[in-house]
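A.B. asks: Next up, start_36.txt (compact mmCIF, C-alpha atoms and all ligand atoms).
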```
# COMPACT_ATOMS: atom_id res chain seq x y z
CA MET A 1 5.19 -40.80 20.33
CA THR A 2 3.61 -38.52 17.81
CA ALA A 3 2.73 -38.20 14.17
CA ASP A 4 0.64 -35.91 12.01
CA SER A 5 -0.99 -38.70 9.97
CA VAL A 6 -3.04 -41.79 10.64
CA TYR A 7 -3.97 -44.88 8.63
CA ILE A 8 -6.99 -46.99 9.59
CA HIS A 9 -7.49 -50.40 7.97
CA VAL A 10 -11.00 -51.72 7.35
CA PRO A 11 -10.65 -55.34 6.16
CA PHE A 12 -14.20 -56.12 4.98
CA CYS A 13 -15.00 -56.81 1.33
CA ILE A 14 -17.94 -58.27 -0.52
CA HIS A 15 -15.62 -60.82 -2.15
CA ARG A 16 -11.88 -61.49 -2.21
CA CYS A 17 -10.65 -60.63 -5.71
CA GLY A 18 -8.31 -63.28 -7.11
CA TYR A 19 -5.29 -60.97 -7.31
CA CYS A 20 -5.71 -59.37 -3.88
CA ASP A 21 -3.07 -59.91 -1.21
CA PHE A 22 -4.23 -57.19 1.18
CA THR A 23 -5.60 -57.88 4.64
CA VAL A 24 -9.15 -58.67 3.64
CA ILE A 25 -12.02 -60.75 4.97
CA ALA A 26 -15.13 -61.62 2.94
CA GLY A 27 -18.32 -63.31 4.06
CA ARG A 28 -17.74 -62.48 7.75
CA ASP A 29 -19.93 -59.45 8.26
CA ASP A 30 -20.72 -60.94 11.68
CA LEU A 31 -17.28 -59.63 12.72
CA ILE A 32 -17.98 -55.98 11.91
CA ASP A 33 -19.24 -55.17 15.39
CA ASP A 34 -16.24 -56.76 17.12
CA TYR A 35 -13.89 -55.10 14.66
CA LEU A 36 -15.25 -51.66 15.53
CA LYS A 37 -15.06 -52.38 19.23
CA CYS A 38 -11.44 -53.50 18.88
CA LEU A 39 -10.47 -50.59 16.70
CA GLU A 40 -11.62 -48.18 19.34
CA LEU A 41 -9.86 -50.17 22.06
CA GLU A 42 -6.63 -50.32 20.06
CA ILE A 43 -6.65 -46.56 19.48
CA ALA A 44 -7.59 -45.72 23.07
CA ARG A 45 -4.82 -47.92 24.47
CA SER A 46 -2.22 -46.45 22.13
CA ILE A 47 -2.73 -42.72 22.20
CA THR A 48 -4.79 -42.14 25.40
CA SER A 49 -5.88 -38.62 24.33
CA PRO A 50 -7.11 -37.17 21.01
CA GLN A 51 -4.37 -36.40 18.53
CA PRO A 52 -5.01 -33.71 15.89
CA VAL A 53 -3.62 -34.78 12.50
CA SER A 54 -3.18 -33.28 9.03
CA THR A 55 -3.92 -36.43 7.05
CA ILE A 56 -6.21 -39.39 7.64
CA PHE A 57 -6.47 -42.35 5.28
CA ILE A 58 -9.09 -45.06 5.77
CA GLY A 59 -8.14 -47.93 3.48
CA GLY A 60 -8.92 -51.58 3.06
CA GLY A 61 -10.49 -53.81 2.21
CA THR A 62 -13.48 -51.75 1.24
CA PRO A 63 -14.34 -49.20 3.94
CA SER A 64 -17.43 -48.13 1.97
CA TYR A 65 -18.73 -51.70 2.22
CA LEU A 66 -19.63 -51.10 5.88
CA PRO A 67 -23.38 -50.72 6.45
CA GLU A 68 -24.48 -47.17 7.27
CA PRO A 69 -24.62 -47.53 11.09
CA ALA A 70 -21.17 -49.15 11.14
CA LEU A 71 -19.78 -46.45 8.86
CA GLN A 72 -21.21 -43.78 11.19
CA ARG A 73 -19.62 -45.49 14.16
CA LEU A 74 -16.22 -45.88 12.47
CA LEU A 75 -16.10 -42.23 11.42
CA THR A 76 -17.29 -41.01 14.81
CA VAL A 77 -14.41 -42.90 16.45
CA VAL A 78 -11.91 -41.50 13.95
CA ASN A 79 -13.23 -37.94 14.34
CA GLN A 80 -13.11 -38.23 18.11
CA TRP A 81 -9.56 -39.56 18.36
CA PHE A 82 -8.01 -37.87 15.34
CA PRO A 83 -9.58 -34.43 14.83
CA LEU A 84 -8.58 -33.20 11.40
CA ARG A 85 -6.56 -29.99 11.44
CA PRO A 86 -7.92 -27.07 9.38
CA ASP A 87 -7.12 -27.73 5.69
CA GLY A 88 -6.37 -31.37 6.52
CA GLU A 89 -6.85 -34.19 4.04
CA PHE A 90 -9.22 -37.03 4.95
CA SER A 91 -9.24 -39.83 2.35
CA MET A 92 -11.35 -42.92 2.22
CA GLU A 93 -11.13 -45.84 -0.19
CA CYS A 94 -14.47 -46.73 -1.71
CA ASN A 95 -15.72 -49.18 -4.31
CA PRO A 96 -18.34 -48.06 -6.80
CA ASP A 97 -20.84 -50.75 -5.85
CA GLY A 98 -22.65 -49.99 -2.64
CA LEU A 99 -21.41 -46.41 -2.36
CA THR A 100 -24.88 -44.90 -2.06
CA PRO A 101 -25.72 -41.19 -1.79
CA ALA A 102 -26.74 -41.89 1.83
CA LYS A 103 -23.22 -43.18 2.57
CA MET A 104 -21.71 -40.22 0.72
CA LYS A 105 -23.63 -37.90 3.04
CA ILE A 106 -22.30 -39.76 6.08
CA LEU A 107 -18.75 -39.32 4.78
CA ARG A 108 -19.24 -35.60 4.19
CA VAL A 109 -20.72 -35.02 7.64
CA HIS A 110 -17.67 -36.69 9.18
CA SER A 111 -15.14 -34.53 7.28
CA VAL A 112 -14.05 -37.05 4.64
CA ASN A 113 -12.91 -34.77 1.83
CA ARG A 114 -11.07 -37.08 -0.56
CA ILE A 115 -12.42 -40.25 -2.18
CA SER A 116 -10.22 -42.91 -3.71
CA LEU A 117 -12.49 -44.96 -5.95
CA GLY A 118 -11.51 -48.49 -6.99
CA VAL A 119 -12.56 -48.37 -10.64
CA GLN A 120 -9.79 -50.64 -12.02
CA SER A 121 -11.30 -50.84 -15.52
CA PHE A 122 -14.18 -49.58 -17.62
CA ASN A 123 -14.25 -52.78 -19.65
CA SER A 124 -16.72 -55.44 -18.47
CA GLN A 125 -14.55 -58.33 -19.65
CA HIS A 126 -11.54 -57.12 -17.68
CA LEU A 127 -13.65 -56.27 -14.64
CA GLN A 128 -14.84 -59.84 -14.74
CA THR A 129 -11.28 -61.19 -15.05
CA LEU A 130 -10.32 -59.09 -12.03
CA GLU A 131 -13.39 -60.45 -10.21
CA ARG A 132 -14.62 -56.97 -9.47
CA THR A 133 -18.27 -56.85 -8.52
CA HIS A 134 -19.32 -53.53 -10.07
CA HIS A 135 -20.42 -52.74 -13.62
CA ALA A 136 -18.49 -50.28 -15.73
CA GLU A 137 -21.57 -48.05 -16.10
CA THR A 138 -21.89 -47.72 -12.32
CA VAL A 139 -18.70 -45.66 -12.14
CA ASP A 140 -20.16 -42.79 -14.11
CA THR A 141 -23.26 -42.65 -11.90
CA VAL A 142 -21.29 -42.88 -8.65
CA PHE A 143 -18.75 -40.30 -9.80
CA ASN A 144 -21.53 -37.80 -10.60
CA GLN A 145 -23.26 -38.52 -7.29
CA LEU A 146 -19.99 -37.83 -5.49
CA ARG A 147 -19.75 -34.49 -7.26
CA ASP A 148 -23.40 -33.74 -6.40
CA ASN A 149 -22.57 -34.47 -2.78
CA GLY A 150 -19.79 -31.92 -2.78
CA PHE A 151 -16.67 -34.09 -3.23
CA THR A 152 -14.13 -31.97 -5.07
CA ASN A 153 -11.16 -34.28 -4.61
CA ILE A 154 -11.68 -37.68 -6.24
CA SER A 155 -9.02 -40.18 -7.22
CA LEU A 156 -9.71 -43.06 -9.59
CA ASP A 157 -7.64 -46.28 -9.50
CA LEU A 158 -6.98 -48.21 -12.70
CA ILE A 159 -5.21 -51.53 -13.34
CA PHE A 160 -3.36 -52.33 -16.55
CA ALA A 161 -1.69 -55.47 -17.93
CA VAL A 162 -4.79 -57.54 -17.20
CA PRO A 163 -4.72 -60.90 -19.05
CA ASP A 164 -6.10 -60.44 -22.59
CA GLN A 165 -6.17 -56.65 -22.26
CA THR A 166 -5.00 -54.97 -25.45
CA LEU A 167 -3.22 -51.65 -25.75
CA ALA A 168 -6.39 -50.26 -27.37
CA ASP A 169 -8.46 -51.40 -24.36
CA TRP A 170 -6.07 -49.60 -22.03
CA GLU A 171 -6.11 -46.45 -24.15
CA ALA A 172 -9.92 -46.54 -24.00
CA ASP A 173 -9.80 -46.77 -20.19
CA LEU A 174 -7.47 -43.78 -20.01
CA LYS A 175 -9.72 -41.80 -22.34
CA THR A 176 -12.76 -42.56 -20.19
CA VAL A 177 -10.97 -41.63 -16.99
CA ILE A 178 -9.81 -38.34 -18.46
CA ALA A 179 -13.34 -37.55 -19.67
CA LEU A 180 -14.59 -37.89 -16.09
CA ASN A 181 -12.05 -35.24 -15.07
CA PRO A 182 -11.03 -36.50 -11.61
CA GLU A 183 -8.40 -34.66 -9.55
CA HIS A 184 -6.16 -37.70 -9.27
CA VAL A 185 -5.49 -40.99 -11.05
CA SER A 186 -3.51 -44.02 -9.85
CA THR A 187 -2.45 -46.71 -12.34
CA TYR A 188 -1.05 -50.06 -11.28
CA GLY A 189 0.27 -52.93 -13.38
CA LEU A 190 -1.42 -56.18 -12.34
CA THR A 191 0.84 -58.31 -10.18
CA PHE A 192 0.56 -62.01 -9.39
CA GLU A 193 1.47 -62.32 -5.72
CA LYS A 194 2.34 -65.64 -4.20
CA GLY A 195 -0.53 -66.99 -2.12
CA THR A 196 -3.27 -65.41 -4.25
CA GLN A 197 -5.65 -67.33 -6.47
CA PHE A 198 -4.23 -65.54 -9.49
CA TRP A 199 -0.80 -66.94 -8.59
CA THR A 200 -2.19 -70.48 -8.48
CA ARG A 201 -4.07 -70.02 -11.74
CA ARG A 202 -0.95 -68.63 -13.35
CA MET A 203 1.05 -71.67 -12.20
CA LYS A 204 -1.59 -73.89 -13.82
CA SER A 205 -1.45 -71.76 -16.99
CA GLN A 206 -5.09 -70.83 -16.54
CA LEU A 207 -4.16 -67.16 -16.51
CA ILE A 208 -1.50 -65.79 -18.81
CA PRO A 209 0.05 -62.49 -17.70
CA ALA A 210 0.52 -59.71 -20.22
CA ASP A 211 3.96 -59.86 -21.78
CA ASP A 212 6.61 -57.49 -20.46
CA GLU A 213 6.83 -55.45 -23.63
CA LEU A 214 3.08 -54.78 -23.67
CA GLU A 215 3.10 -53.87 -19.97
CA ARG A 216 5.92 -51.39 -20.56
CA GLU A 217 4.05 -49.86 -23.44
CA MET A 218 0.89 -49.54 -21.35
CA TYR A 219 2.83 -47.75 -18.61
CA SER A 220 4.40 -45.47 -21.17
CA VAL A 221 1.02 -44.66 -22.74
CA ALA A 222 -0.40 -43.89 -19.29
CA MET A 223 2.44 -41.47 -18.52
CA ASN A 224 2.11 -39.67 -21.87
CA THR A 225 -1.69 -39.62 -22.09
CA LEU A 226 -2.28 -38.43 -18.54
CA GLU A 227 0.44 -35.82 -18.82
CA ASP A 228 -1.06 -34.52 -22.09
CA ALA A 229 -4.42 -34.26 -20.31
CA GLY A 230 -2.95 -31.96 -17.63
CA PHE A 231 -2.09 -34.50 -14.94
CA ARG A 232 1.38 -34.32 -13.44
CA GLN A 233 3.04 -37.60 -12.57
CA TYR A 234 4.38 -37.14 -9.05
CA GLU A 235 5.07 -40.76 -8.18
CA LEU A 236 5.65 -43.97 -10.12
CA SER A 237 1.94 -44.90 -10.11
CA ASN A 238 0.30 -41.60 -9.29
CA PHE A 239 -0.86 -38.62 -11.33
CA ALA A 240 -2.58 -35.48 -10.09
CA GLN A 241 -3.97 -32.23 -11.33
CA PRO A 242 -1.82 -29.35 -10.03
CA GLY A 243 -1.96 -29.16 -6.23
CA MET A 244 -4.08 -32.32 -5.87
CA GLU A 245 -1.36 -34.84 -4.94
CA CYS A 246 -2.29 -37.22 -2.12
CA ARG A 247 -0.70 -35.68 0.96
CA HIS A 248 -1.12 -38.83 3.01
CA ASN A 249 0.83 -41.03 0.62
CA LYS A 250 3.59 -38.42 0.52
CA VAL A 251 4.04 -39.04 4.24
CA TYR A 252 5.06 -42.64 3.42
CA TRP A 253 7.35 -41.68 0.56
CA GLN A 254 9.05 -39.07 2.70
CA SER A 255 9.59 -41.61 5.51
CA ALA A 256 7.67 -39.39 7.95
CA PRO A 257 5.98 -40.90 11.03
CA TYR A 258 2.37 -42.10 11.01
CA PHE A 259 -0.08 -43.91 13.27
CA GLY A 260 -1.69 -47.10 12.01
CA PHE A 261 -4.62 -49.08 13.41
CA GLY A 262 -6.64 -52.12 12.40
CA PRO A 263 -5.64 -55.61 11.23
CA GLY A 264 -2.64 -55.63 8.91
CA ALA A 265 -1.97 -51.91 9.44
CA ALA A 266 1.58 -50.63 9.97
CA SER A 267 2.57 -47.66 12.07
CA TYR A 268 5.92 -45.88 11.97
CA LEU A 269 6.77 -43.97 15.11
CA ASN A 270 10.16 -43.00 16.54
CA GLY A 271 11.94 -45.10 13.92
CA VAL A 272 9.98 -48.23 14.87
CA ARG A 273 7.73 -49.93 12.36
CA ALA A 274 4.97 -51.97 14.00
CA MET A 275 2.88 -54.42 11.96
CA ARG A 276 -0.50 -55.50 13.26
CA HIS A 277 -1.74 -59.08 12.83
CA ARG A 278 -2.97 -59.73 9.32
CA SER A 279 -5.50 -62.31 10.47
CA VAL A 280 -8.61 -60.33 11.36
CA THR A 281 -9.79 -62.96 13.83
CA THR A 282 -6.38 -63.12 15.56
CA TRP A 283 -6.25 -59.32 15.79
CA ILE A 284 -9.76 -59.25 17.28
CA LYS A 285 -9.06 -62.09 19.73
CA ARG A 286 -5.88 -60.49 20.99
CA ILE A 287 -7.40 -57.06 21.51
CA MET A 288 -10.50 -58.51 23.18
CA ALA A 289 -8.14 -60.36 25.54
CA GLY A 290 -6.43 -57.11 26.48
CA GLU A 291 -3.32 -57.95 24.43
CA SER A 292 -1.60 -55.94 21.72
CA GLY A 293 -2.76 -56.23 18.10
CA ILE A 294 0.87 -55.83 17.00
CA ALA A 295 2.42 -58.95 15.45
CA GLU A 296 5.96 -57.68 14.96
CA THR A 297 8.06 -54.59 15.35
CA GLU A 298 11.20 -53.58 13.57
CA GLU A 299 13.52 -50.90 14.84
CA LEU A 300 15.45 -49.44 11.97
CA ASN A 301 19.02 -48.38 12.63
CA SER A 302 20.22 -45.17 11.04
CA GLU A 303 21.65 -46.94 7.97
CA ASP A 304 18.42 -48.94 7.42
CA ARG A 305 16.42 -45.74 7.72
CA ALA A 306 18.61 -44.07 5.14
CA ARG A 307 18.34 -47.01 2.72
CA GLU A 308 14.60 -47.15 3.10
CA ALA A 309 14.32 -43.41 2.55
CA VAL A 310 16.12 -43.82 -0.80
CA MET A 311 13.77 -46.62 -1.86
CA LEU A 312 10.70 -44.60 -0.97
CA GLY A 313 12.05 -41.21 -2.02
CA LEU A 314 13.00 -42.37 -5.50
CA ARG A 315 9.37 -43.34 -6.12
CA GLN A 316 8.63 -39.61 -6.17
CA VAL A 317 9.21 -37.91 -9.49
CA GLU A 318 10.69 -34.86 -7.73
CA GLY A 319 13.40 -37.17 -6.38
CA ILE A 320 15.61 -36.73 -3.34
CA ASP A 321 17.50 -33.61 -2.32
CA LEU A 322 21.00 -34.91 -1.58
CA GLU A 323 21.95 -32.19 0.88
CA GLN A 324 18.74 -32.55 2.90
CA PHE A 325 19.16 -36.31 2.80
CA GLN A 326 22.64 -36.11 4.29
CA GLN A 327 21.49 -33.69 6.99
CA ARG A 328 18.56 -35.91 7.93
CA PHE A 329 20.22 -39.33 7.81
CA SER A 330 23.94 -38.47 8.28
CA TYR A 331 24.79 -40.57 5.21
CA PRO A 332 25.96 -39.24 1.87
CA LEU A 333 23.41 -40.90 -0.42
CA PRO A 334 25.96 -42.07 -3.05
CA ASP A 335 27.78 -44.05 -0.33
CA LEU A 336 24.74 -46.31 0.00
CA ALA A 337 25.39 -47.78 -3.45
CA PRO A 338 29.08 -47.05 -4.08
CA ASN A 339 29.39 -49.54 -6.93
CA ALA A 340 26.25 -48.57 -8.74
CA PHE A 341 25.68 -44.85 -8.20
CA ASP A 342 27.84 -43.47 -11.02
CA ARG A 343 26.91 -46.30 -13.38
CA LEU A 344 23.17 -45.67 -12.92
CA ILE A 345 23.74 -42.02 -13.80
CA GLU A 346 25.96 -42.88 -16.78
CA ASP A 347 23.32 -45.33 -18.01
CA GLN A 348 20.77 -42.51 -17.74
CA LEU A 349 18.58 -44.45 -15.34
CA LEU A 350 19.15 -41.87 -12.61
CA THR A 351 19.75 -38.19 -13.08
CA LEU A 352 21.34 -35.68 -10.73
CA ASP A 353 20.11 -32.18 -11.37
CA GLN A 354 20.41 -29.14 -9.08
CA GLY A 355 21.26 -31.38 -6.16
CA LYS A 356 18.26 -33.67 -6.66
CA LEU A 357 18.53 -37.34 -7.54
CA ARG A 358 15.66 -38.68 -9.65
CA LEU A 359 14.73 -41.67 -11.74
CA THR A 360 14.78 -40.79 -15.44
CA LYS A 361 11.75 -41.73 -17.52
CA THR A 362 13.65 -44.82 -18.69
CA GLY A 363 14.54 -45.57 -15.07
CA ARG A 364 10.86 -45.56 -14.07
CA PHE A 365 10.30 -48.74 -16.11
CA ILE A 366 12.83 -50.67 -14.04
CA ALA A 367 12.46 -48.76 -10.79
CA ASP A 368 12.50 -51.87 -8.59
CA SER A 369 15.87 -53.08 -9.82
CA ILE A 370 17.38 -49.59 -9.51
CA MET A 371 16.13 -49.23 -5.94
CA ALA A 372 17.47 -52.67 -5.11
CA GLU A 373 20.99 -51.28 -5.68
CA PHE A 374 20.49 -49.17 -2.54
CA LEU A 375 19.38 -52.05 -0.32
S1 LIG A 401 -12.06 -55.01 -3.44
FE1 LIG A 401 -9.89 -54.44 -3.21
S2 LIG A 401 -9.34 -54.97 -1.13
FE2 LIG A 401 -11.28 -56.03 -1.57
S3 LIG A 401 -10.63 -58.03 -2.27
FE3 LIG A 401 -10.85 -56.78 -4.10
S4 LIG A 401 -8.77 -55.92 -4.45
FE4 LIG A 401 -8.82 -56.72 -2.35
```
Please express what this file holds, its structure, as structure tokens.
C.D. replies:
Amino acid sequence: MTADSVYIHVPFCIHRCGYCDFTVIAGRDDLIDDYLKCLELEIARSITSPQPVSTIFIGGGTPSYLPEPALQRLLTVVNQWFPLRPDGEFSMECNPDGLTPAKMKILRVHSVNRISLGVQSFNSQHLQTLERTHHAETVDTVFNQLRDNGFTNISLDLIFAVPDQTLADWEADLKTVIALNPEHVSTYGLTFEKGTQFWTRRMKSQLIPADDELEREMYSVAMNTLEDAGFRQYELSNFAQPGMECRHNKVYWQSAPYFGFGPGAASYLNGVRAMRHRSVTTWIKRIMAGESGIAETEELNSEDRAREAVMLGLRQVEGIDLEQFQQRFSYPLPDLAPNAFDRLIEDQLLTLDQGKLRLTKTGRFIADSIMAEFL
């Protein structure tokens, strides 16, 4: 069982945002100590000896929400069990509020070299709609402090299609993000997931989603504006300055193996996907009792692996090399969607160029329905 990448999930947040459907727990800081204990136990039981890796991603939740001693302890455990290889990438998700210079120093000392900052918007009205707890002005301060503390690889996350957000508001956000000059930008259209408060409020017509046409236009503006500013789109939602793509996320899109630890985290090893319990208290109870934190496993057969690789691979703008695909999965890719393959190319939603299959720019707007043809 081996992999060159690891994901660690930290579920704590100051507040659960209304649209969030991640594994998150708010108002239970009393669990932080047990969480850290269990994380170490889960890792120690799974890998038994330290495993050098090329990419580490600590996500959440809000990992930067952890108080300084807890952050120290988390990073010490990660450094001990997953020493970063030379030139490795070590990302951590942070929110602008509470990311103090003292915490930045702790991150640096423990080899974190890439920060993914949950900005979401620079507009106070939309930040309020999204129930984010930081102020727009904080981002500028925190960004500069990160630079002062030596972080040269910073990604900023933005959300578009927020209720009542206009195209001009979105253009202003993009302009502000470009002015900050980060290495990487991620842009996500707001989704209303079943089970979230936003879903309930939408059902009661208390929140009206942006209309489809406006959302499309916002996505299009993001692609054009960021590209004009020197960012290269390398995935449906991700843009990077040359050479600054997130290497960890590429591991997922290339269907490569990875370790995963913490509540709600998935691992993918030897063709088996293992999902840990999403309930933080259940995950803690089970690990404390000497049981596994894994809630379910799924062993993908070779055809499932191939189908999944298409779904993930098409997210990347560089597309999928058909010859390599066939060598790796023993399936000719077109055979996975025999009725749709040629049509999608004729309709200019997919393009086949120098042996690589890619979504066209038009295809990117309806990526989900195109990928569904390969399921
Ligand atoms: S800060 Fe992020 S992870 Fe935490 S509740 Fe909000 S959206 Fe979810």
A.B. asks: Show me which residues sit within 12 Å of ligand LIG 401 (chain A) when counting all atoms listed in the file, and put them as number ranges by chain.
C.D. replies: A: 9-27, 59-65, 93-98, 116-120, 127-134, 157-159, 188, 190-191, 196-198
A.B. asks: Do you know which residues are at most 7 Å from Ile8 in chain A counting all atoms listed in the file, after dropping those on the same chain fewer than 3 positions away, and could you put them as an NGL selection string?
C.D. replies: :A and (57-59 or 260-262)
A.B. asks: Selected residues, C-alpha atoms, written as a PDB file, in the frame of the given file, please.
C.D. replies:
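Writing the result to out.pdb gives the following:
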```pdb
ATOM      1  CA  PHE A  57      -6.470 -42.350   5.280  1.00  0.00           C
ATOM      2  CA  ILE A  58      -9.090 -45.060   5.770  1.00  0.00           C
ATOM      3  CA  GLY A  59      -8.140 -47.930   3.480  1.00  0.00           C
ATOM      4  CA  GLY A 260      -1.690 -47.100  12.010  1.00  0.00           C
ATOM      5  CA  PHE A 261      -4.620 -49.080  13.410  1.00  0.00           C
ATOM      6  CA  GLY A 262      -6.640 -52.120  12.400  1.00  0.00           C
TER       7      GLY A 262
END
```
A.B. asks: What does the distance from CA of Ala44 in chain A to CA of Phe82 in chain A come to in Å, to one decimal?
C.D. replies: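 Distance between the two atoms: 11.0 Å.
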A.B. asks: Excluding Ala367 in chain A and its own-chain neighbours fewer than 3 positions away, which residues fall within 9 Å of it when counting only C-alpha atoms? Please give them as a PyMOL selection string.
C.D. replies: chain A and resi 236+314-315+349+359+362-364+370-372
A.B. asks: In Å, how far is it from CA of His126 in chain A to CA of Asn238 in chain A?
C.D. replies: 21.2 Å
A.B. asks: Work out how far apart CA of Phe143 in chain A and CA of Thr166 in chain A are and give it in Å to one decimal.
C.D. replies: 25.5 Å
A.B. asks: For a quick check of understanding, using only C-alpha atoms, which of A:Ile320, A:Met244, A:Asn249, A:Arg216 has the smallest distance to Phe365 in chain A?
C.D. replies: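 Ranking A:Ile320, A:Met244, A:Asn249, A:Arg216 by distance to Phe365 in chain A, first place goes to A:Arg216.
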A.B. asks: Of the candidates A:Asn123, A:His248, A:Glu298, A:Phe90, which one gets nearest to Ala168 in chain A if we count all atoms listed in the file?
C.D. replies: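 Smallest distance to Ala168 in chain A is found for A:Asn123.
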A.B. asks: So that I can see what lies close to Thr176 in chain A, please list as a list in words the residues with an atom at most 10 Å from it, counting only C-alpha atoms and leaving out residues fewer than 6 positions away in the same chain.
C.D. replies: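 These residues fall inside the cut-off: Ser121, Phe122, Asp140 and Trp170 of chain A.
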A.B. asks: Considering only C-alpha atoms, can you say which of A:Val112, A:Met288, A:Leu269, A:Leu350 comes closest to Leu146 in chain A?
C.D. replies: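 Distance minimum relative to Leu146 in chain A lands on A:Val112.
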A.B. asks: Which of these, A:Ile32, A:Ala136, A:Val6, A:Leu180, has the shortest distance to Ser91 in chain A once you count all atoms listed in the file?
C.D. replies: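 The closest residue to Ser91 in chain A is A:Val6.
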A.B. asks: For Asp353 in chain A, which of A:Ser267, A:Pro332, A:Gly293, A:Leu322 is the closest residue, counting all atoms listed in the file?
C.D. replies: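 Answer, going by the shortest atom-to-atom distance: A:Leu322.
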A.B. asks: Which residue, A:Thr100, A:Ala3, A:Phe151, A:Lys361, has the smallest gap to Met223 in chain A when you use only C-alpha atoms?
C.D. replies: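 Among A:Thr100, A:Ala3, A:Phe151, A:Lys361, it is A:Lys361 that comes nearest to Met223 in chain A.
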A.B. asks: Considering all atoms listed in the file, return as a ChimeraX atom specification whatever protein or nucleic-acid residues lie within 10 Å of Leu214 in chain A, sequence-local ones (same chain, fewer than 2 positions apart) excluded.
C.D. replies: /A:160-161,165-167,210-212,216-220
A.B. asks: Ile345 in chain A: which residues within 10 Å, counting all atoms listed in the file, same-chain residues fewer than 2 positions away excluded, as a ChimeraX atom specification?
C.D. replies: /A:340-343,347-352,357-360,363
A.B. asks: List as a list in words: which residues have an atom within 10 Å of (13.5, -43.1, 0.9), counting all atoms listed in the file?
C.D. replies: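 Counting all atoms listed in the file, I find these residues within 10 Å of (13.5, -43.1, 0.9): Tyr252, Trp253, Gln254, Ser255, Ala256, Arg305, Ala306, Arg307, Glu308, Ala309, Val310, Met311, Leu312, Gly313, Leu314, Arg315, Gln316, Gly319, Ile320, Phe325, Met371 and Phe374 of chain A.
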A.B. asks: Box time for range 113-128 of chain A: axis-aligned, enclosing all its listed atoms, 8 Å extra on each side; report centre and edge lengths in Å to one decimal, as lines of an AutoDock Vina configuration file.
C.D. replies:
```
center_x = -13.3
center_y = -47.3
center_z = -8.9
size_x = 22.9
size_y = 41.1
size_z = 37.5
```
